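Student: Before anything else, here's the structure in question.
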Amino acid sequence: MSLDVPNVGRFDGRTHFLPARIYYEDTDFSGVVYHANYLRFFERGRSDFLRLAGIHHAEFAAQAEPMAFAVNAMDLAFLKPARIDDALVVETVFEAIKGPRIFVGQAVTRGGETLVTAQVQVCCISLTGRPRKPPALLLERLKPFLAS
């Protein structure tokens, strides 16, 4: 593997697994991961899922009808804390597409134990911010990962 290629995780079936390490900057004064930082881990999981599936943000922004993604709903459950130096895994599953909405299930785990879960609703939008139907290319590349 080339040293200049970032780690984008791996797929096992429909699930994407992205390793993450907890650094001092991720924690609050007590040494526990600050709750808002889980949003960053989840974003990285979704982004690297797409990247590994051949879906690149810049490619869709450069199309004749440009599009982007916007998170418009997220339900989080904080079950157990992560701490400095913990080795975590961000698990991401793209569950379904309904109209412009994409439904994603995510979890942060440590040693197989679930710490935080997220149910995320992402919307395909035009660059003016209006919801839009996902392009055929996006649907084609996501199809192998969606529930039947």
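Chain lettering (A, B, ...) mirrors the order of the structure tokens, residue numbering begins at 1 for each chain separately, and ligand numbering begins at 1 in order of display.
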Produce a table with one row for each residue of stretch 22-91 of chain A that has an atom at most 8 Å from any atom of stretch 129-144 of chain A, each row naming the nearest atom pair and its distance in Å at one decimal; use only C-alpha atoms; arrange rows by chain and rising residue number; format as JSON lines.
Tutor:
```
{"residue": "A:Ala53", "atom": "CA", "partner": "A:Arg141", "partner_atom": "CA", "distance": 6.6}
{"residue": "A:Gly54", "atom": "CA", "partner": "A:Arg141", "partner_atom": "CA", "distance": 6.9}
{"residue": "A:Ile55", "atom": "CA", "partner": "A:Leu138", "partner_atom": "CA", "distance": 7.0}
{"residue": "A:Met67", "atom": "CA", "partner": "A:Arg132", "partner_atom": "CA", "distance": 7.9}
```
Student: Would you save the residues from that selection as a PDB file, in the first residue's frame, using N, CA and C atoms?
Tutor:
```
ATOM      1  N   ALA A  53     -16.924   3.275  -1.987  1.00  0.00           N
ATOM      2  CA  ALA A  53     -17.945   2.773  -2.923  1.00  0.00           C
ATOM      3  C   ALA A  53     -17.850   3.461  -4.287  1.00  0.00           C
ATOM      4  N   GLY A  54     -16.871   4.352  -4.462  1.00  0.00           N
ATOM      5  CA  GLY A  54     -16.687   5.023  -5.747  1.00  0.00           C
ATOM      6  C   GLY A  54     -17.544   6.261  -5.913  1.00  0.00           C
ATOM      7  N   ILE A  55     -18.002   6.820  -4.817  1.00  0.00           N
ATOM      8  CA  ILE A  55     -18.844   8.020  -4.852  1.00  0.00           C
ATOM      9  C   ILE A  55     -18.025   9.167  -4.277  1.00  0.00           C
ATOM     10  N   MET A  67     -24.894  18.355  -7.468  1.00  0.00           N
ATOM     11  CA  MET A  67     -25.586  17.985  -6.237  1.00  0.00           C
ATOM     12  C   MET A  67     -24.592  17.838  -5.105  1.00  0.00           C
TER      13      MET A  67
END
```
Student: Would you compute the distance between atom CA of A:Leu127 and atom CA of A:Glu65? Give it in Å to one decimal.
Tutor: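 For atom CA of A:Leu127 relative to atom CA of A:Glu65, the distance reads 8.7 Å.
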Student: Env of A:Leu18: 9 Å cut, atoms = only C-alpha atoms, seq-sep filter 4 positions within chain, self excluded. Answer as a list in words.
Tutor: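 Contacts, with the query itself left out: Asn7, Val8, Gly9, Arg10, Phe11, Arg44, Gly45, Asp48, Phe49, Leu88, Val89, Val90, Glu91 and Thr92 of chain A.
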Student: For the residues in that selection, give me C-alpha atoms as a PDB file, in the first residue's frame.
Tutor:
```pdb
ATOM      1  CA  ASN A   7      -7.019   4.678   5.244  1.00  0.00           C
ATOM      2  CA  VAL A   8     -10.659   4.700   4.144  1.00  0.00           C
ATOM      3  CA  GLY A   9     -11.644   1.556   6.037  1.00  0.00           C
ATOM      4  CA  ARG A  10     -13.092  -1.626   4.579  1.00  0.00           C
ATOM      5  CA  PHE A  11     -16.371  -3.271   3.686  1.00  0.00           C
ATOM      6  CA  ARG A  44     -15.873  10.444   8.459  1.00  0.00           C
ATOM      7  CA  GLY A  45     -17.571   7.049   8.417  1.00  0.00           C
ATOM      8  CA  ASP A  48     -15.216   7.110   3.621  1.00  0.00           C
ATOM      9  CA  PHE A  49     -18.061   4.676   2.933  1.00  0.00           C
ATOM     10  CA  LEU A  88     -12.640   2.608  18.044  1.00  0.00           C
ATOM     11  CA  VAL A  89     -14.430   1.483  14.915  1.00  0.00           C
ATOM     12  CA  VAL A  90     -17.077   3.526  13.121  1.00  0.00           C
ATOM     13  CA  GLU A  91     -19.602   1.178  11.509  1.00  0.00           C
ATOM     14  CA  THR A  92     -21.787   2.551   8.714  1.00  0.00           C
TER      15      THR A  92
END
```
Student: Based on the backbone DSSP call, show me all residues of stretch 12-118 of chain A assigned helix (DSSP H, G or I), as a PyMOL selection string.
Tutor: chain A and resi 24-26+37-52+57-61
Student: Kindly save the residues from that selection, with N, CA and C atoms included, as a CSV table (one decimal), in the first residue's frame.
Tutor:
```csv
chain,number,residue,atom,x,y,z
A,24,TYR,N,-6.2,13.4,22.6
A,24,TYR,CA,-6.5,14.3,23.6
A,24,TYR,C,-7.5,15.4,23.2
A,25,GLU,N,-7.3,15.9,21.9
A,25,GLU,CA,-8.2,16.9,21.4
A,25,GLU,C,-9.7,16.5,21.3
A,26,ASP,N,-9.9,15.2,21.3
A,26,ASP,CA,-11.3,14.7,21.2
A,26,ASP,C,-12.0,14.7,22.6
A,37,ASN,N,-18.0,15.5,19.3
A,37,ASN,CA,-17.0,14.9,18.5
A,37,ASN,C,-17.4,13.6,17.8
A,38,TYR,N,-18.4,12.9,18.4
A,38,TYR,CA,-18.9,11.7,17.7
A,38,TYR,C,-19.5,12.1,16.4
A,39,LEU,N,-20.0,13.3,16.2
A,39,LEU,CA,-20.6,13.7,14.9
A,39,LEU,C,-19.5,13.7,13.9
A,40,ARG,N,-18.3,14.1,14.3
A,40,ARG,CA,-17.1,14.0,13.3
A,40,ARG,C,-16.8,12.6,12.9
A,41,PHE,N,-16.8,11.7,13.9
A,41,PHE,CA,-16.5,10.3,13.6
A,41,PHE,C,-17.5,9.8,12.6
A,42,PHE,N,-18.8,10.1,12.9
A,42,PHE,CA,-19.9,9.6,12.0
A,42,PHE,C,-19.8,10.2,10.6
A,43,GLU,N,-19.4,11.5,10.5
A,43,GLU,CA,-19.2,12.1,9.2
A,43,GLU,C,-18.1,11.4,8.4
A,44,ARG,N,-17.0,11.1,9.1
A,44,ARG,CA,-15.9,10.4,8.5
A,44,ARG,C,-16.3,9.1,8.0
A,45,GLY,N,-17.1,8.4,8.8
A,45,GLY,CA,-17.6,7.0,8.4
A,45,GLY,C,-18.4,7.1,7.2
A,46,ARG,N,-19.3,8.1,7.1
A,46,ARG,CA,-20.2,8.2,5.9
A,46,ARG,C,-19.4,8.6,4.7
A,47,SER,N,-18.5,9.6,4.9
A,47,SER,CA,-17.6,10.0,3.7
A,47,SER,C,-16.7,8.9,3.2
A,48,ASP,N,-16.1,8.2,4.1
A,48,ASP,CA,-15.2,7.1,3.6
A,48,ASP,C,-16.0,5.9,3.1
A,49,PHE,N,-17.2,5.7,3.6
A,49,PHE,CA,-18.1,4.7,2.9
A,49,PHE,C,-18.3,5.1,1.5
A,50,LEU,N,-18.7,6.3,1.2
A,50,LEU,CA,-19.0,6.8,-0.1
A,50,LEU,C,-17.7,6.7,-1.0
A,51,ARG,N,-16.6,7.2,-0.4
A,51,ARG,CA,-15.3,7.2,-1.2
A,51,ARG,C,-15.0,5.8,-1.6
A,52,LEU,N,-15.1,4.8,-0.7
A,52,LEU,CA,-14.7,3.4,-1.0
A,52,LEU,C,-15.7,2.8,-2.0
A,57,HIS,N,-17.6,13.3,-3.7
A,57,HIS,CA,-18.3,14.6,-3.6
A,57,HIS,C,-18.0,15.5,-4.7
A,58,ALA,N,-16.8,15.7,-5.1
A,58,ALA,CA,-16.4,16.6,-6.1
A,58,ALA,C,-16.9,16.2,-7.5
A,59,GLU,N,-17.0,14.9,-7.7
A,59,GLU,CA,-17.6,14.4,-9.0
A,59,GLU,C,-19.0,14.8,-9.2
A,60,PHE,N,-19.8,14.7,-8.1
A,60,PHE,CA,-21.2,15.0,-8.2
A,60,PHE,C,-21.5,16.5,-8.2
A,61,ALA,N,-20.6,17.3,-7.6
A,61,ALA,CA,-20.7,18.7,-7.6
A,61,ALA,C,-20.3,19.3,-9.0
```
Student: Among chain A, which residues does DSSP mark as strand (DSSP E) when it is run on the backbone? Keep the chain and numbering as in the structure and answer as a ChimeraX atom specification.
Tutor: /A:10-12,15-21,67-78,87-98,101-110,113-126
Student: So how many Å separate atom CA of A:Val104 and atom CA of A:Thr128, to one decimal?
Tutor: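 Answer for the atom CA of A:Val104 to atom CA of A:Thr128 separation: 23.5 Å.
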Student: Go through A:Ala68, A:Ala73, A:Ala62, A:Ile125 and flag the residue nearest A:Gly99, using only C-alpha atoms for the distances.
Tutor: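 Nearest to A:Gly99: A:Ile125.
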Student: Would you mind telling me which residue in A:Ala70, A:Leu146, A:Ala20, A:Ala82 lies nearest to A:Gln121 when using only C-alpha atoms?
Tutor: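 When distances to A:Gln121 are compared using only C-alpha atoms, the smallest one comes from A:Ala70.
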Student: A:Tyr34, A:Asp28, A:Thr117, A:Ile22: which is nearest A:Phe78, counting only C-alpha atoms?
Tutor: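 Closest residue, counting only C-alpha atoms: A:Thr117.
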Student: At a cut-off of 8 Å, using only C-alpha atoms, what residues contact A:Gly105? Leave out same-chain residues fewer than 4 positions from it and give the result as a list in words.
Tutor: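 Contacts, with the query itself left out: Thr92, Val93, Phe94, Glu95, Thr117, Ala118, Gln119 and Val120 of chain A.
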Student: Any idea what's packed within 7 Å of A:Arg83, counting only C-alpha atoms, ignoring anything in its chain fewer than 6 positions away? Could you give it as a ChimeraX atom specification?
Tutor: /A:22,31-33
Student: Determine the nearest neighbour of A:Ala107 from the options A:Asp86, A:Gly13, A:Ala147, A:Asp75, counting only C-alpha atoms.
Tutor: A:Asp75
Student: Could you tell me how far atom CA of A:His35 sits from atom CA of A:Thr109, in Å to one decimal place?
Tutor: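 One can read the atom CA of A:Thr109 to atom CA of A:His35 distance as 14.6 Å.
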